[in-house]
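Engineer: So here's start_13.cif (mmCIF, N, CA and C atoms).
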```cif
data_model
#
loop_
_atom_site.label_atom_id
_atom_site.label_comp_id
_atom_site.auth_asym_id
_atom_site.auth_seq_id
_atom_site.Cartn_x
_atom_site.Cartn_y
_atom_site.Cartn_z
N MET A 1 98.75 127.14 96.62
CA MET A 1 99.32 126.13 95.75
C MET A 1 100.34 125.31 96.54
N VAL A 2 100.31 124.02 96.34
CA VAL A 2 101.27 123.11 96.97
C VAL A 2 102.33 122.75 95.94
N TYR A 3 103.57 122.82 96.36
CA TYR A 3 104.71 122.48 95.51
C TYR A 3 105.27 121.13 95.89
N LEU A 4 105.84 120.44 94.92
CA LEU A 4 106.60 119.21 95.19
C LEU A 4 108.06 119.63 95.35
N LEU A 5 108.63 119.30 96.49
CA LEU A 5 110.01 119.67 96.80
C LEU A 5 110.96 118.64 96.21
N ASP A 6 111.95 119.12 95.46
CA ASP A 6 112.91 118.22 94.84
C ASP A 6 114.09 117.97 95.78
N THR A 7 114.74 116.85 95.56
CA THR A 7 115.88 116.43 96.38
C THR A 7 116.97 117.48 96.41
N ASN A 8 117.25 118.11 95.28
CA ASN A 8 118.37 119.04 95.23
C ASN A 8 118.19 120.24 96.15
N ILE A 9 116.97 120.64 96.42
CA ILE A 9 116.72 121.74 97.37
C ILE A 9 117.14 121.29 98.77
N ILE A 10 116.76 120.08 99.14
CA ILE A 10 117.12 119.54 100.46
C ILE A 10 118.64 119.40 100.58
N ILE A 11 119.27 118.85 99.55
CA ILE A 11 120.72 118.64 99.58
C ILE A 11 121.45 119.97 99.71
N ARG A 12 121.11 120.94 98.87
CA ARG A 12 121.79 122.24 98.92
C ARG A 12 121.60 122.90 100.28
N PHE A 13 120.41 122.77 100.85
CA PHE A 13 120.12 123.36 102.16
C PHE A 13 120.97 122.71 103.26
N LEU A 14 121.07 121.39 103.24
CA LEU A 14 121.79 120.69 104.31
C LEU A 14 123.30 120.68 104.13
N VAL A 15 123.76 120.68 102.88
CA VAL A 15 125.20 120.58 102.63
C VAL A 15 125.82 121.96 102.43
N GLY A 16 125.10 122.85 101.76
CA GLY A 16 125.60 124.21 101.57
C GLY A 16 126.82 124.31 100.67
N ASP A 17 126.94 123.42 99.69
CA ASP A 17 128.13 123.41 98.85
C ASP A 17 127.99 124.22 97.56
N HIS A 18 126.91 124.93 97.40
CA HIS A 18 126.71 125.79 96.24
C HIS A 18 126.06 127.08 96.77
N GLN A 19 126.81 128.13 96.83
CA GLN A 19 126.38 129.35 97.53
C GLN A 19 125.06 129.91 97.02
N GLU A 20 124.92 130.03 95.73
CA GLU A 20 123.68 130.59 95.17
C GLU A 20 122.48 129.70 95.51
N HIS A 21 122.64 128.40 95.36
CA HIS A 21 121.55 127.47 95.68
C HIS A 21 121.28 127.42 97.18
N LEU A 22 122.32 127.58 97.99
CA LEU A 22 122.13 127.62 99.44
C LEU A 22 121.25 128.79 99.84
N VAL A 23 121.53 129.96 99.30
CA VAL A 23 120.76 131.16 99.62
C VAL A 23 119.29 130.96 99.25
N THR A 24 119.05 130.42 98.07
CA THR A 24 117.67 130.18 97.63
C THR A 24 116.99 129.11 98.48
N SER A 25 117.71 128.03 98.79
CA SER A 25 117.10 126.96 99.59
C SER A 25 116.81 127.43 101.01
N ILE A 26 117.65 128.28 101.58
CA ILE A 26 117.37 128.85 102.91
C ILE A 26 116.08 129.67 102.85
N LYS A 27 115.94 130.47 101.79
CA LYS A 27 114.71 131.27 101.61
C LYS A 27 113.49 130.34 101.55
N TYR A 28 113.59 129.29 100.74
CA TYR A 28 112.47 128.35 100.63
C TYR A 28 112.15 127.73 101.99
N PHE A 29 113.16 127.27 102.71
CA PHE A 29 112.89 126.59 103.97
C PHE A 29 112.35 127.54 105.05
N LYS A 30 112.73 128.80 105.01
CA LYS A 30 112.12 129.78 105.93
C LYS A 30 110.63 129.92 105.62
N GLU A 31 110.31 129.96 104.33
CA GLU A 31 108.90 130.06 103.93
C GLU A 31 108.13 128.78 104.25
N ILE A 32 108.78 127.64 104.12
CA ILE A 32 108.15 126.37 104.47
C ILE A 32 107.93 126.30 105.98
N GLU A 33 108.92 126.73 106.74
CA GLU A 33 108.80 126.70 108.20
C GLU A 33 107.63 127.54 108.69
N SER A 34 107.42 128.69 108.07
CA SER A 34 106.32 129.57 108.47
C SER A 34 105.02 129.25 107.76
N ALA A 35 105.03 128.22 106.91
CA ALA A 35 103.87 127.77 106.13
C ALA A 35 103.42 128.79 105.09
N LYS A 36 104.27 129.75 104.76
CA LYS A 36 103.98 130.65 103.64
C LYS A 36 104.09 129.89 102.32
N LEU A 37 104.88 128.83 102.36
CA LEU A 37 105.06 127.96 101.21
C LEU A 37 104.70 126.55 101.67
N GLN A 38 103.80 125.90 100.93
CA GLN A 38 103.40 124.54 101.27
C GLN A 38 104.01 123.57 100.26
N VAL A 39 104.60 122.51 100.81
CA VAL A 39 105.25 121.51 99.96
C VAL A 39 104.86 120.12 100.39
N GLU A 40 104.98 119.21 99.44
CA GLU A 40 104.90 117.78 99.74
C GLU A 40 106.25 117.19 99.37
N ILE A 41 106.74 116.31 100.23
CA ILE A 41 108.00 115.63 99.97
C ILE A 41 107.67 114.18 99.66
N LEU A 42 107.87 113.79 98.42
CA LEU A 42 107.58 112.42 98.01
C LEU A 42 108.50 111.44 98.72
N ASP A 43 108.01 110.22 98.93
CA ASP A 43 108.82 109.17 99.55
C ASP A 43 110.15 109.00 98.82
N SER A 44 110.07 109.02 97.49
CA SER A 44 111.28 108.81 96.68
C SER A 44 112.26 109.96 96.82
N VAL A 45 111.77 111.16 97.04
CA VAL A 45 112.65 112.31 97.26
C VAL A 45 113.35 112.17 98.61
N LEU A 46 112.61 111.77 99.62
CA LEU A 46 113.22 111.57 100.94
C LEU A 46 114.25 110.45 100.89
N MET A 47 113.93 109.39 100.16
CA MET A 47 114.86 108.27 100.01
C MET A 47 116.13 108.72 99.29
N GLU A 48 115.97 109.47 98.22
CA GLU A 48 117.13 109.94 97.46
C GLU A 48 117.99 110.88 98.30
N ALA A 49 117.35 111.76 99.06
CA ALA A 49 118.10 112.67 99.92
C ALA A 49 118.90 111.89 100.95
N PHE A 50 118.26 110.90 101.58
CA PHE A 50 118.96 110.06 102.56
C PHE A 50 120.15 109.37 101.91
N PHE A 51 119.94 108.79 100.75
CA PHE A 51 121.01 108.06 100.06
C PHE A 51 122.17 108.99 99.69
N VAL A 52 121.87 110.11 99.06
CA VAL A 52 122.91 111.04 98.62
C VAL A 52 123.70 111.58 99.81
N LEU A 53 122.99 111.94 100.87
CA LEU A 53 123.68 112.52 102.03
C LEU A 53 124.56 111.52 102.76
N THR A 54 124.10 110.27 102.85
CA THR A 54 124.89 109.27 103.59
C THR A 54 125.93 108.58 102.73
N LYS A 55 125.65 108.37 101.46
CA LYS A 55 126.58 107.62 100.60
C LYS A 55 127.53 108.53 99.83
N PHE A 56 127.01 109.58 99.23
CA PHE A 56 127.86 110.46 98.43
C PHE A 56 128.61 111.45 99.32
N TYR A 57 127.87 112.12 100.21
CA TYR A 57 128.50 113.12 101.08
C TYR A 57 129.08 112.51 102.35
N LYS A 58 128.76 111.24 102.59
CA LYS A 58 129.30 110.48 103.73
C LYS A 58 128.99 111.16 105.08
N LEU A 59 127.81 111.77 105.18
CA LEU A 59 127.38 112.36 106.44
C LEU A 59 126.90 111.25 107.37
N PRO A 60 127.05 111.43 108.67
CA PRO A 60 126.60 110.40 109.62
C PRO A 60 125.09 110.15 109.50
N LYS A 61 124.74 108.89 109.49
CA LYS A 61 123.35 108.47 109.32
C LYS A 61 122.44 109.13 110.36
N ASP A 62 122.84 109.16 111.61
CA ASP A 62 122.00 109.75 112.66
C ASP A 62 121.76 111.24 112.43
N GLU A 63 122.78 111.93 111.96
CA GLU A 63 122.65 113.36 111.66
C GLU A 63 121.68 113.59 110.51
N VAL A 64 121.80 112.78 109.46
CA VAL A 64 120.92 112.91 108.30
C VAL A 64 119.48 112.61 108.70
N ILE A 65 119.28 111.57 109.47
CA ILE A 65 117.92 111.22 109.91
C ILE A 65 117.32 112.36 110.73
N ASN A 66 118.09 112.92 111.64
CA ASN A 66 117.61 114.04 112.45
C ASN A 66 117.25 115.24 111.57
N ASP A 67 118.11 115.55 110.61
CA ASP A 67 117.83 116.67 109.71
C ASP A 67 116.57 116.43 108.88
N LEU A 68 116.41 115.23 108.36
CA LEU A 68 115.23 114.93 107.54
C LEU A 68 113.96 114.94 108.38
N LYS A 69 114.03 114.45 109.61
CA LYS A 69 112.86 114.52 110.49
C LYS A 69 112.50 115.98 110.80
N THR A 70 113.51 116.80 110.99
CA THR A 70 113.28 118.23 111.26
C THR A 70 112.59 118.88 110.07
N ILE A 71 113.04 118.55 108.87
CA ILE A 71 112.41 119.10 107.66
C ILE A 71 110.96 118.64 107.56
N LEU A 72 110.72 117.36 107.81
CA LEU A 72 109.34 116.85 107.74
C LEU A 72 108.41 117.55 108.74
N ALA A 73 108.98 117.99 109.86
CA ALA A 73 108.17 118.62 110.90
C ALA A 73 107.81 120.07 110.62
N LEU A 74 108.38 120.66 109.59
CA LEU A 74 108.10 122.06 109.29
C LEU A 74 106.62 122.25 108.96
N ASN A 75 106.09 123.39 109.38
CA ASN A 75 104.66 123.68 109.23
C ASN A 75 104.16 123.58 107.79
N GLY A 76 104.99 123.95 106.84
CA GLY A 76 104.57 123.95 105.45
C GLY A 76 104.70 122.63 104.74
N VAL A 77 105.22 121.61 105.42
CA VAL A 77 105.27 120.27 104.82
C VAL A 77 103.93 119.61 105.12
N ILE A 78 103.17 119.36 104.08
CA ILE A 78 101.77 118.95 104.26
C ILE A 78 101.53 117.47 103.95
N ASN A 79 102.57 116.67 103.91
CA ASN A 79 102.40 115.25 103.62
C ASN A 79 101.37 114.60 104.52
N SER A 80 100.47 113.86 103.93
CA SER A 80 99.50 113.11 104.73
C SER A 80 100.15 111.86 105.33
N ASN A 81 101.31 111.47 104.80
CA ASN A 81 101.99 110.27 105.27
C ASN A 81 103.18 110.58 106.18
N LYS A 82 103.17 111.73 106.84
CA LYS A 82 104.27 112.09 107.74
C LYS A 82 104.56 111.01 108.79
N PRO A 83 103.54 110.44 109.44
CA PRO A 83 103.84 109.41 110.44
C PRO A 83 104.59 108.22 109.85
N ILE A 84 104.26 107.85 108.64
CA ILE A 84 104.95 106.72 107.99
C ILE A 84 106.39 107.08 107.68
N LEU A 85 106.60 108.31 107.21
CA LEU A 85 107.97 108.73 106.88
C LEU A 85 108.82 108.87 108.14
N TYR A 86 108.24 109.41 109.21
CA TYR A 86 108.96 109.47 110.50
C TYR A 86 109.34 108.07 110.97
N GLU A 87 108.37 107.16 110.90
CA GLU A 87 108.62 105.78 111.33
C GLU A 87 109.68 105.13 110.46
N THR A 88 109.64 105.40 109.16
CA THR A 88 110.66 104.86 108.25
C THR A 88 112.04 105.32 108.69
N LEU A 89 112.20 106.60 108.96
CA LEU A 89 113.49 107.13 109.40
C LEU A 89 113.89 106.55 110.75
N SER A 90 112.92 106.37 111.63
CA SER A 90 113.22 105.78 112.95
C SER A 90 113.69 104.33 112.82
N ILE A 91 113.08 103.58 111.92
CA ILE A 91 113.48 102.18 111.70
C ILE A 91 114.90 102.14 111.15
N ILE A 92 115.20 103.00 110.19
CA ILE A 92 116.56 103.06 109.64
C ILE A 92 117.56 103.38 110.74
N GLU A 93 117.17 104.23 111.65
CA GLU A 93 118.05 104.66 112.74
C GLU A 93 118.47 103.50 113.64
N VAL A 94 117.54 102.56 113.89
CA VAL A 94 117.84 101.48 114.85
C VAL A 94 118.13 100.13 114.18
N LYS A 95 117.73 99.98 112.95
CA LYS A 95 117.97 98.72 112.22
C LYS A 95 118.93 99.00 111.08
N ASN A 96 119.67 98.04 110.69
CA ASN A 96 120.60 98.20 109.57
C ASN A 96 119.92 97.71 108.29
N ILE A 97 118.89 98.46 107.87
CA ILE A 97 118.16 98.11 106.64
C ILE A 97 118.04 99.34 105.76
N ASP A 98 117.77 99.12 104.48
CA ASP A 98 117.70 100.26 103.56
C ASP A 98 116.34 100.96 103.65
N PHE A 99 116.26 102.08 102.96
CA PHE A 99 115.09 102.94 103.06
C PHE A 99 113.81 102.24 102.64
N VAL A 100 113.84 101.55 101.52
CA VAL A 100 112.62 100.91 101.01
C VAL A 100 112.13 99.83 101.96
N ASP A 101 113.05 99.03 102.49
CA ASP A 101 112.66 98.01 103.47
C ASP A 101 112.06 98.65 104.72
N ALA A 102 112.66 99.75 105.15
CA ALA A 102 112.14 100.46 106.32
C ALA A 102 110.76 101.05 106.03
N LEU A 103 110.55 101.52 104.81
CA LEU A 103 109.24 102.05 104.43
C LEU A 103 108.19 100.95 104.45
N ILE A 104 108.54 99.78 103.92
CA ILE A 104 107.61 98.64 103.97
C ILE A 104 107.30 98.28 105.42
N CYS A 105 108.30 98.25 106.26
CA CYS A 105 108.10 97.94 107.68
C CYS A 105 107.19 98.98 108.34
N ALA A 106 107.42 100.25 108.03
CA ALA A 106 106.62 101.32 108.63
C ALA A 106 105.16 101.22 108.21
N LYS A 107 104.92 100.99 106.92
CA LYS A 107 103.54 100.86 106.45
C LYS A 107 102.88 99.63 107.05
N SER A 108 103.64 98.56 107.18
CA SER A 108 103.11 97.34 107.79
C SER A 108 102.71 97.60 109.25
N LYS A 109 103.60 98.26 109.97
CA LYS A 109 103.36 98.52 111.39
C LYS A 109 102.21 99.51 111.61
N LEU A 110 102.21 100.60 110.87
CA LEU A 110 101.25 101.68 111.13
C LEU A 110 99.92 101.51 110.40
N GLN A 111 99.93 100.75 109.31
CA GLN A 111 98.69 100.63 108.55
C GLN A 111 98.19 99.19 108.46
N GLY A 112 98.89 98.27 109.10
CA GLY A 112 98.42 96.90 109.19
C GLY A 112 98.61 96.04 107.96
N PHE A 113 99.46 96.47 107.05
CA PHE A 113 99.74 95.65 105.87
C PHE A 113 100.57 94.44 106.25
N ASN A 114 100.33 93.32 105.57
CA ASN A 114 101.22 92.17 105.65
C ASN A 114 102.32 92.35 104.62
N LYS A 115 103.43 91.64 104.81
CA LYS A 115 104.58 91.78 103.91
C LYS A 115 104.80 90.48 103.15
N LEU A 116 105.11 90.62 101.87
CA LEU A 116 105.54 89.49 101.04
C LEU A 116 106.92 89.84 100.51
N SER A 117 107.91 89.03 100.87
CA SER A 117 109.27 89.33 100.43
C SER A 117 110.17 88.13 100.66
N PHE A 118 111.24 88.07 99.89
CA PHE A 118 112.30 87.10 100.15
C PHE A 118 113.43 87.76 100.95
N ASP A 119 113.30 89.04 101.22
CA ASP A 119 114.34 89.84 101.86
C ASP A 119 114.38 89.58 103.36
N ASN A 120 115.50 89.10 103.84
CA ASN A 120 115.65 88.84 105.28
C ASN A 120 115.61 90.12 106.12
N ASP A 121 115.94 91.26 105.51
CA ASP A 121 115.90 92.51 106.28
C ASP A 121 114.50 92.83 106.76
N LEU A 122 113.49 92.40 106.03
CA LEU A 122 112.12 92.70 106.45
C LEU A 122 111.73 91.90 107.71
N LYS A 123 112.48 90.87 108.00
CA LYS A 123 112.23 90.12 109.24
C LYS A 123 112.77 90.88 110.45
N LYS A 124 113.62 91.87 110.23
CA LYS A 124 114.23 92.62 111.32
C LYS A 124 113.26 93.63 111.96
N CYS A 125 112.15 93.87 111.28
CA CYS A 125 111.26 94.92 111.81
C CYS A 125 109.97 94.32 112.35
#
```
Is it possible to express this structure as structure tokens?
Structural biologist:
Amino acid sequence: MVYLLDTNIIIRFLVGDHQEHLVTSIKYFKEIESAKLQVEILDSVLMEAFFVLTKFYKLPKDEVINDLKTILALNGVINSNKPILYETLSIIEVKNIDFVDALICAKSKLQGFNKLSFDNDLKKC
């Protein structure tokens, strides 16, 4: 069975600000790492995790991106769109654009989509 991983599991694992939830999230991530537990991380969950960690917890953007890429690389994360999500995080890392714009840029670059937008940030990619 494949589970959908919620943002709060990622946040508790990376921030560790709730002891009981931290213990459970560590258990989950050990199982995900060994592929005993298979999960999919929705684009919106990754976006929310990035936003909460950088805006609410004020963690450094580069650290958050590295942590999220590490999570995506775990054996039990079975997303078919991993390359797009990696590219999205990489674009955010080097460009000063938001997650959704970076996701549009990544899909455009990796899947050949054209972009329609009034947003000048999409011209940066």
Engineer: Exactly which residues make up the result of the PyMOL selection byres ((chain A and resi 81-94) around 8) on this file, given as a PyMOL selection string?
Structural biologist: chain A and resi 43+61-62+65-66+68-69+72-73+77-80+95-99+101-107+110-111+125
Engineer: Would you mind telling me which residue in A:Val64, A:Leu74, A:Ile41, A:Met47 lies nearest to A:Leu5 when using only C-alpha atoms?
Structural biologist: A:Ile41
Engineer: I need the residue set behind the PyMOL selection byres ((chain A and resi 6) around 8) for this file; please write it as a list in words.
Structural biologist: Tyr3, Leu4, Leu5, Thr7, Asn8, Ile9, Ile10, Ile11, Glu40, Ile41, Leu42, Val45, Leu46 and Ala49 of chain A
Engineer: Provide the atom C of A:Asn120 to atom N of A:Asp67 distance in Å, to one decimal place.
Structural biologist: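 Spanning atom C of A:Asn120 to atom N of A:Asp67 is a straight-line distance of 25.9 Å.
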Engineer: Using only N, CA and C atoms, pick whichever of A:Ala35, A:Leu22, A:Val15, A:Val52 has the shortest atom-to-atom distance to A:Gly76.
Structural biologist: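 Checking each candidate against A:Gly76, we get A:Ala35 as the closest.
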Engineer: So how far away is atom CA of A:Ile71 from atom CA of A:Phe13, in Å?
Structural biologist: 10.4 Å
Engineer: So what do you get for atom CA of A:Arg12 versus atom N of A:Glu31, distance-wise?
Structural biologist: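 Computing it gives 14.9 Å between the two atoms.
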Engineer: Of the candidates A:Asp17, A:Phe113, A:Asn75, A:Lys58, which one gets nearest to A:Ile32 if we count all atoms listed in the file?
Structural biologist: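 Among the listed residues, the smallest separation from A:Ile32 belongs to A:Asn75.
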Engineer: Got a sec: who's within 7 Å of A:Val2, counting only N, CA and C atoms, leaving out chain neighbours fewer than 4 positions off, as a list in words?
Structural biologist: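 With the cut-off at 7 Å, the set is Leu37, Gln38, Val39 and Glu40 of chain A.
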Engineer: Looking only at the backbone, which of the residues in stretch 4-123 of chain A does DSSP tag as alpha helix (DSSP H), as a PyMOL selection string?
Structural biologist: chain A and resi 7-15+19-33+43-51+61-72+82-94+99-111
Engineer: Write out as a list in words the set of residues from chain A that DSSP, computed on the backbone, places in strand (DSSP E or B).
Structural biologist: Val2, Tyr3, Leu4, Gln38, Val39, Glu40 and Val77 of chain A
Engineer: Point out the residue among A:Lys123, A:Glu33, A:Ser25, A:Leu14 with the least atom-to-atom distance to A:Leu53, counting only C-alpha atoms.
Structural biologist: A:Leu14
